[in-house]
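> Have a peek at structure.csv (CSV, C-alpha atoms and all ligand atoms).
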chain,number,residue,atom,x,y,z
A,247,MET,CA,85.6,114.9,80.5
A,248,THR,CA,83.5,118.1,80.7
A,249,LEU,CA,81.0,118.8,83.5
A,250,SER,CA,77.6,120.1,82.5
A,251,ASP,CA,76.4,123.4,83.9
A,252,GLU,CA,74.1,121.4,86.2
A,253,GLN,CA,77.0,119.4,87.6
A,254,LEU,CA,79.0,122.5,88.2
A,255,ALA,CA,76.0,124.1,90.0
A,256,GLN,CA,75.6,120.8,92.0
A,257,PHE,CA,79.3,121.0,93.0
A,258,ASP,CA,79.0,124.6,94.1
A,259,ARG,CA,75.8,123.8,96.1
A,260,ASP,CA,76.8,120.4,97.7
A,261,GLY,CA,80.6,120.5,97.6
A,262,PHE,CA,80.9,117.2,95.9
A,263,LEU,CA,80.0,115.1,92.8
A,264,VAL,CA,79.9,111.3,92.4
A,265,PHE,CA,80.8,109.5,89.2
A,266,PRO,CA,79.8,105.8,89.2
A,267,GLU,CA,81.8,103.5,86.8
A,268,LEU,CA,84.3,106.2,85.8
A,269,PHE,CA,87.0,103.6,85.6
A,270,ASP,CA,86.6,100.1,84.2
A,271,LYS,CA,87.6,96.8,85.7
A,272,ASP,CA,90.9,96.6,83.8
A,273,GLU,CA,91.9,100.0,84.9
A,274,ILE,CA,91.1,99.2,88.6
A,275,ARG,CA,93.1,95.9,88.3
A,276,LEU,CA,96.1,97.8,86.9
A,277,LEU,CA,95.9,100.4,89.7
A,278,LYS,CA,95.6,97.7,92.4
A,279,SER,CA,98.5,95.7,91.2
A,280,GLU,CA,100.7,98.8,90.9
A,281,LEU,CA,99.7,99.9,94.3
A,282,ALA,CA,100.5,96.5,95.8
A,283,ARG,CA,103.9,96.7,94.1
A,284,VAL,CA,104.9,100.1,95.4
A,285,ALA,CA,103.4,99.5,98.9
A,286,ALA,CA,106.0,96.8,99.3
A,287,VAL,CA,109.0,99.2,99.2
A,288,GLU,CA,110.6,100.8,102.2
A,289,SER,CA,109.9,104.6,102.1
A,290,ASP,CA,109.1,107.6,104.3
A,291,ALA,CA,106.1,108.1,102.0
A,292,ILE,CA,104.4,105.0,103.5
A,293,VAL,CA,102.5,105.5,106.8
A,294,ARG,CA,101.5,102.5,108.9
A,295,GLU,CA,98.8,101.9,111.5
A,296,ARG,CA,99.9,101.3,115.1
A,297,THR,CA,99.4,97.5,114.3
A,298,GLY,CA,101.9,97.8,111.5
A,299,ALA,CA,99.2,97.4,108.8
A,300,LEU,CA,99.5,99.8,105.9
A,301,ARG,CA,97.6,103.1,106.3
A,302,THR,CA,98.6,105.4,103.5
A,303,VAL,CA,101.0,105.3,100.5
A,304,TYR,CA,101.9,108.7,99.3
A,305,ARG,CA,103.6,110.1,96.1
A,306,THR,CA,102.7,107.4,93.6
A,307,HIS,CA,102.6,110.0,90.8
A,308,GLU,CA,106.1,111.6,90.9
A,309,PRO,CA,108.7,109.8,88.8
A,310,ASP,CA,111.6,110.5,91.1
A,311,GLY,CA,110.6,108.3,94.2
A,312,PRO,CA,110.4,104.7,95.3
A,313,THR,CA,106.5,104.7,95.4
A,314,TYR,CA,106.2,105.9,91.8
A,315,SER,CA,103.9,104.2,89.3
A,316,SER,CA,103.4,105.5,85.8
A,317,ALA,CA,99.7,104.4,86.0
A,318,PHE,CA,99.2,106.8,88.9
A,319,ASN,CA,101.0,109.6,87.0
A,320,ARG,CA,98.6,109.0,84.1
A,321,LEU,CA,95.7,108.9,86.6
A,322,ALA,CA,96.6,112.3,87.9
A,323,ARG,CA,96.5,113.7,84.3
A,324,THR,CA,93.6,111.8,82.9
A,325,PRO,CA,90.9,114.1,81.4
A,326,ARG,CA,88.4,112.2,83.6
A,327,LEU,CA,89.9,113.6,86.8
A,328,LEU,CA,91.8,116.7,85.7
A,329,GLY,CA,89.1,118.1,83.4
A,330,PRO,CA,86.4,118.4,86.2
A,331,ALA,CA,89.0,119.5,88.8
A,332,ARG,CA,90.0,122.4,86.4
A,333,GLN,CA,86.4,123.3,85.9
A,334,VAL,CA,85.3,123.4,89.6
A,335,LEU,CA,88.5,125.4,90.5
A,336,ARG,CA,88.0,127.7,87.5
A,337,ASP,CA,91.8,127.3,86.8
A,338,ASP,CA,93.6,125.3,84.1
A,339,GLU,CA,97.0,125.3,85.7
A,340,LEU,CA,96.7,122.7,88.4
A,341,TYR,CA,99.4,120.6,90.1
A,342,VAL,CA,99.1,117.6,92.4
A,343,TYR,CA,99.3,118.9,96.0
A,344,HIS,CA,99.6,115.2,97.0
A,345,ALA,CA,98.6,111.8,95.8
A,346,LYS,CA,97.7,109.4,98.5
A,347,CYS,CA,96.3,105.9,98.7
A,348,ASN,CA,94.5,105.1,101.9
A,349,ILE,CA,94.7,101.4,102.5
A,350,LYS,CA,92.0,100.8,105.0
A,351,THR,CA,92.9,97.2,105.8
A,352,ALA,CA,90.1,94.9,107.0
A,353,ILE,CA,89.8,95.0,110.8
A,354,ASP,CA,93.1,97.1,111.3
A,355,GLY,CA,92.1,100.2,109.2
A,356,THR,CA,91.3,103.0,111.6
A,357,VAL,CA,89.2,106.3,111.5
A,358,TRP,CA,89.7,109.7,110.0
A,359,LEU,CA,88.2,112.1,112.5
A,360,TRP,CA,85.8,114.9,111.3
A,361,HIS,CA,87.9,117.5,109.5
A,362,GLN,CA,88.2,119.8,106.5
A,363,ASP,CA,91.2,119.2,104.3
A,364,TYR,CA,91.9,122.9,104.2
A,365,GLY,CA,92.1,122.7,108.0
A,366,TYR,CA,95.4,120.9,107.4
A,367,TRP,CA,96.4,122.7,104.3
A,368,GLN,CA,96.1,126.3,105.7
A,369,HIS,CA,98.9,125.2,108.1
A,370,ASP,CA,101.0,124.3,105.2
A,371,GLY,CA,100.8,127.9,104.0
A,372,VAL,CA,98.2,127.5,101.2
A,373,PRO,CA,96.7,131.0,100.8
A,374,THR,CA,93.1,130.2,99.8
A,375,PRO,CA,90.7,127.3,100.1
A,376,ASN,CA,90.4,126.8,96.3
A,377,MET,CA,91.4,123.2,96.1
A,378,ALA,CA,89.6,119.9,95.3
A,379,THR,CA,90.3,116.2,95.6
A,380,SER,CA,89.4,113.3,93.3
A,381,LEU,CA,88.8,110.0,95.0
A,382,VAL,CA,88.9,106.8,93.1
A,383,MET,CA,87.6,103.6,94.7
A,384,LEU,CA,89.8,100.6,94.1
A,385,ASP,CA,87.6,98.4,96.3
A,386,GLU,CA,83.9,98.6,97.1
A,387,ALA,CA,83.2,101.3,99.7
A,388,THR,CA,80.7,100.2,102.3
A,389,GLU,CA,79.5,101.7,105.6
A,390,LEU,CA,80.8,98.6,107.5
A,391,GLY,CA,84.1,99.0,105.7
A,392,GLY,CA,84.7,102.6,106.8
A,393,CYS,CA,83.5,104.6,103.8
A,394,LEU,CA,83.8,108.3,103.7
A,395,TYR,CA,81.0,110.5,105.0
A,396,LEU,CA,80.5,114.0,103.5
A,397,ILE,CA,78.3,116.7,105.0
A,398,PRO,CA,76.6,118.3,101.9
A,399,GLY,CA,77.0,122.0,101.7
A,400,SER,CA,79.5,122.2,104.5
A,401,HIS,CA,82.2,123.6,102.2
A,402,LYS,CA,80.3,126.9,102.7
A,403,ILE,CA,80.6,127.2,106.5
A,404,GLY,CA,84.1,128.6,106.6
A,405,THR,CA,87.2,127.0,108.1
A,406,LYS,CA,86.3,125.6,111.5
A,407,ASP,CA,88.5,125.7,114.5
A,408,ALA,CA,90.6,122.5,114.6
A,409,TYR,CA,93.3,121.0,116.8
A,410,LYS,CA,96.0,118.5,115.9
A,411,ASP,CA,94.9,115.1,117.3
A,412,GLU,CA,98.1,113.1,117.8
A,413,THR,CA,96.6,110.3,119.9
A,414,THR,CA,93.6,108.7,118.1
A,415,THR,CA,95.5,107.2,115.2
A,416,SER,CA,99.1,106.7,114.1
A,417,TYR,CA,98.9,109.9,112.0
A,418,PRO,CA,98.4,113.5,113.3
A,419,GLN,CA,95.0,114.8,112.1
A,420,TRP,CA,93.7,118.4,112.2
A,421,THR,CA,90.3,117.6,113.7
A,422,ILE,CA,87.4,120.0,114.2
A,423,ARG,CA,86.8,120.7,117.9
A,424,LYS,CA,84.2,118.6,119.5
A,425,GLU,CA,81.8,121.3,120.5
A,426,ILE,CA,82.0,122.8,117.0
A,427,ILE,CA,81.5,119.5,115.1
A,428,ARG,CA,78.5,118.7,117.3
A,429,ASP,CA,76.9,122.0,116.4
A,430,VAL,CA,77.7,121.4,112.7
A,431,LEU,CA,76.2,117.9,112.8
A,432,ARG,CA,73.0,119.2,114.6
A,433,THR,CA,72.4,122.0,112.1
A,434,SER,CA,73.5,120.5,108.8
A,435,PRO,CA,71.9,118.0,106.4
A,436,ALA,CA,72.7,114.4,107.5
A,437,PRO,CA,76.2,113.1,106.4
A,438,ILE,CA,76.1,111.1,103.2
A,439,PRO,CA,77.8,107.7,103.2
A,440,ILE,CA,79.9,107.6,100.1
A,441,VAL,CA,79.5,104.0,99.1
A,442,GLY,CA,80.2,102.6,95.7
A,443,GLU,CA,81.6,99.9,93.5
A,444,PRO,CA,85.3,99.8,92.5
A,445,GLY,CA,85.7,102.4,89.6
A,446,THR,CA,83.5,105.0,91.3
A,447,ALA,CA,85.1,108.4,91.5
A,448,VAL,CA,84.1,111.4,93.7
A,449,LEU,CA,85.3,115.0,93.4
A,450,PHE,CA,85.1,117.1,96.6
A,451,HIS,CA,85.9,120.6,97.8
A,452,CYS,CA,88.7,121.1,100.3
A,453,GLN,CA,86.4,122.8,102.8
A,454,ILE,CA,83.8,120.0,102.9
A,455,VAL,CA,83.5,118.5,106.4
A,456,HIS,CA,84.2,114.8,106.2
A,457,ALA,CA,85.3,111.7,108.2
A,458,SER,CA,85.3,107.9,108.0
A,459,GLY,CA,85.1,105.1,110.4
A,460,HIS,CA,87.1,102.0,111.3
A,461,ASN,CA,87.0,99.2,108.8
A,462,LEU,CA,85.0,96.5,110.7
A,463,SER,CA,84.4,94.4,107.6
A,464,ALA,CA,86.3,91.4,106.3
A,465,ASN,CA,87.5,93.3,103.2
A,466,ASP,CA,90.2,95.9,102.6
A,467,ARG,CA,89.1,99.3,101.3
A,468,TRP,CA,91.7,100.8,99.0
A,469,HIS,CA,91.0,104.4,97.9
A,470,VAL,CA,93.1,106.7,95.8
A,471,TYR,CA,93.0,110.5,96.4
A,472,MET,CA,94.5,113.1,94.0
A,473,ALA,CA,94.5,116.5,95.7
A,474,TYR,CA,94.7,119.3,93.1
A,475,ASN,CA,95.8,122.9,93.7
A,476,PRO,CA,96.2,125.8,91.3
A,477,SER,CA,99.9,126.6,90.8
A,478,ALA,CA,99.1,130.2,91.7
A,479,ASN,CA,97.8,129.0,95.1
A,480,ARG,CA,101.0,127.3,96.0
A,481,PRO,CA,101.9,127.4,99.7
A,482,ASN,CA,103.7,130.4,101.2
A,483,PRO,CA,106.7,129.5,103.4
A,484,VAL,CA,105.7,128.4,106.9
A,485,PRO,CA,107.8,129.6,109.9
A,486,ALA,CA,108.6,126.1,111.2
A,487,ASN,CA,108.6,122.4,110.3
A,488,PRO,CA,107.2,122.4,106.8
A,489,ARG,CA,105.6,118.9,106.1
A,490,PRO,CA,107.6,116.7,103.7
A,491,ASP,CA,107.3,116.8,100.0
A,492,TYR,CA,105.3,113.6,99.8
A,493,VAL,CA,102.4,115.3,101.5
A,494,VAL,CA,103.0,118.9,100.4
A,495,SER,CA,104.5,118.7,96.9
A,496,ARG,CA,107.1,121.3,95.9
A,497,ASN,CA,106.5,120.5,92.2
A,498,TYR,CA,104.2,123.4,91.2
A,499,THR,CA,104.5,122.7,87.4
A,500,PRO,CA,101.0,122.7,85.9
A,501,LEU,CA,99.9,119.2,84.9
A,502,VAL,CA,99.7,118.4,81.2
A,503,GLN,CA,96.4,116.6,80.6
A,504,SER,CA,97.0,113.3,78.9
A,505,GLU,CA,95.7,113.1,75.3
A,506,ASP,CA,94.6,109.5,75.2
A,507,ASP,CA,92.9,109.1,78.6
A,508,SER,CA,94.6,105.7,79.1
A,509,LEU,CA,96.3,104.6,82.3
A,510,HIS,CA,98.6,102.3,80.4
A,511,GLU,CA,102.0,103.3,79.1
A,512,ARG,CA,101.9,103.8,75.3
A,513,VAL,CA,103.9,101.1,73.6
A,514,HIS,CA,106.0,102.5,70.8
A,515,ALA,CA,106.7,100.3,67.8
B,1,LIG,O1,90.2,107.4,103.3
B,1,LIG,C1,89.4,107.8,104.2
B,1,LIG,O2,88.6,107.1,104.7
B,1,LIG,C2,89.4,109.3,104.7
B,1,LIG,C3,90.5,110.1,104.1
B,1,LIG,C4,90.5,111.5,104.5
B,1,LIG,O3,89.5,112.0,104.9
B,1,LIG,C5,91.7,112.3,104.2
B,1,LIG,O4,92.7,111.7,103.9
B,1,LIG,O5,91.6,113.5,104.4
Re-express the file's structure as structure tokens.
Ligand SMILES: O=C(O)CCC(=O)C(=O)O

Amino acid sequence: MTLSDEQLAQFDRDGFLVFPELFDKDEIRLLKSELARVAAVESDAIVRERTGALRTVYRTHEPDGPTYSSAFNRLARTPRLLGPARQVLRDDELYVYHAKCNIKTAIDGTVWLWHQDYGYWQHDGVPTPNMATSLVMLDEATELGGCLYLIPGSHKIGTKDAYKDETTTSYPQWTIRKEIIRDVLRTSPAPIPIVGEPGTAVLFHCQIVHASGHNLSANDRWHVYMAYNPSANRPNPVPANPRPDYVVSRNYTPLVQSEDDSLHERVHA
């Protein structure tokens, strides 16, 4: 898939693009059944809420781990996601920094506080904020169900001072400091709720300020995120406690875009 000049300009201006119906019902069914399968294994790459409910399943795209699914490997390489990511990052040699599926379970699924992804990734040693993430909705995203909120244009305000919040949820989050985020919210365009049907995709910049609320609805909200980084922007070594491979991949080999755009394994006669 190739973005038009208008779409590229829109990404540069707003920091995100939305693509309704990018994946069809069969594809979403396949990804959901594969995710349910890999989410049932025991692995460090699976994070739970304090209640024990699933929160995040990492590393569904790399063949050498228990959470692997070939459909997710193909998803990372589909021209529908990889093509636009290459365009907005102005680089054809991208790898998956991490693949994660946020399983915001009905009632149990908790918040992601206001942050910028590069606010985490700079601490992993990533030299420059030239990264982007593709989100694919496997369930309908609604405001009651804890959809993502993006602040348009906030990818241009620099990397804001953040602290590691280790108490709000089960997972440490680099969160923009309260006095700073209040100021950002008061002076920026209103946050946009990223709602949509299953099959909707969103591409967003690693500096865009975003958050999402608790899932207060009766339905789970499964989202897939493919974070892309140019191989040349791989992290430098960090002095202490590098995060595990499932969240900061050490496989910097540029992705080969799939030729047929299908998420299904090709069956050879
Ligand atoms: O899935 C969500 O609701 C938010 C995810 C997010 O912001 C993140 O993983 O950085």
> Please return as a list in words the residues found within 6 Å of ligand LIG 1 (chain B), counting all atoms listed in the file.
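So, counting all atoms listed in the file, the residues near ligand LIG 1 (chain B) are Asn348, Trp358, Asp363, Cys393, Leu394, Ala457 and Ser458 of chain A.
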> For the point (77.5, 101.9, 94.5) in file coordinates, what residues are within 8 Å, counting only C-alpha atoms? Give the answer as number ranges by chain?
A: 266, 386-387, 441-443, 446
> Any chance you can output those residues with C-alpha atoms as a PDB file, in the frame of the given file?

ATOM      1  CA  PRO A 266      79.800 105.800  89.200  1.00  0.00           C
ATOM      2  CA  GLU A 386      83.900  98.600  97.100  1.00  0.00           C
ATOM      3  CA  ALA A 387      83.200 101.300  99.700  1.00  0.00           C
ATOM      4  CA  VAL A 441      79.500 104.000  99.100  1.00  0.00           C
ATOM      5  CA  GLY A 442      80.200 102.600  95.700  1.00  0.00           C
ATOM      6  CA  GLU A 443      81.600  99.900  93.500  1.00  0.00           C
ATOM      7  CA  THR A 446      83.500 105.000  91.300  1.00  0.00           C
TER       8      THR A 446
END
> With a distance cut-off of 8 Å and all atoms listed in the file, select the neighbouring residues of A:Asn482, excluding the residue or stretch itself and same-chain residues fewer than 5 positions from it, and output the selection as a PyMOL selection string.
chain A and resi 370-373
> Using all atoms listed in the file, which residue out of A:Val502, A:Phe318, A:Tyr417, A:Tyr364 lies closest to A:Ser279?
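Checking each candidate against A:Ser279, we get A:Phe318 as the closest.
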> Go ahead and compute the interatomic distance for atom CA of A:Leu321 and atom CA of A:Thr379, in Å to one decimal.
12.8 Å
> Under the rule that only C-alpha atoms are counted, which of A:Trp367, A:Tyr492, A:Tyr304, A:Phe269 is the nearest residue to A:Cys452?
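Ranked by minimum distance to A:Cys452, first place goes to A:Trp367.
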> Using Å and a single decimal, report how far atom CA of A:Gly298 sits from atom CA of A:Met472.
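Distance between the two atoms: 24.4 Å.
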> Calculated over only C-alpha atoms, which of the candidates A:Arg496, A:His469, A:Arg320, A:Arg296 has the smallest distance to A:Gly445?
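Once distances to A:Gly445 are computed over only C-alpha atoms, the minimum belongs to A:His469.
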> Find the distance between atom CA of A:Lys350 and atom CA of A:Leu431 and write it in Å to one decimal.
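We find that atom CA of A:Lys350 and atom CA of A:Leu431 lie 24.6 Å from each other.
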> Do a neighbour search on A:Lys278 at 8 Å with only C-alpha atoms, toss out local chain neighbours closer than 4 positions, and write the hits as a list in words.
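That gives Ile274, Ala282 and Leu384 of chain A.
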> Compile the contact shell of A:Glu339 as a PyMOL selection string: residues with an atom at most 8 Å away, counting all atoms listed in the file, same-chain residues fewer than 2 positions apart removed.
chain A and resi 332+337+341+476-477+500-501
> Can you tell me which residues surround A:Lys271 at a distance of at most 9 Å, considering all atoms listed in the file, apart from same-chain residues fewer than 4 positions away, and format the answer as JSON, numbers by chain?
{"A": [267, 275, 276, 444, 445]}
> Around (79.5, 101.1, 110.6) in the file's frame, which residues reach within 9 Å when counting only C-alpha atoms? Return as a VMD selection string?
chain A and resid 388 to 393 459 to 463
> What's the 7 Å shell around A:His451, counting only C-alpha atoms, without same-chain residues fewer than 3 positions away, as JSON, numbers by chain?
{"A": [261, 262, 377, 378, 379, 401, 454]}
> With all atoms listed in the file as the basis for distance, which of A:Gln419, A:Ser316, A:Thr306, A:Thr405 is at the shortest distance from A:Tyr471?
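Once distances to A:Tyr471 are computed over all atoms listed in the file, the minimum belongs to A:Thr306.
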> Identify which of the residues A:Ala486, A:Leu509, A:Ala291, A:Ala478 lies closest to A:Asp338, counting all atoms listed in the file when measuring atom-to-atom distances.
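With all atoms listed in the file as the atom set, the closest residue is A:Ala478.
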> Point out the residue among A:Trp420, A:Phe450, A:Tyr395, A:Trp468 with the least atom-to-atom distance to A:Gln256, counting all atoms listed in the file.
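Under the stated criterion, the closest residue is A:Phe450.
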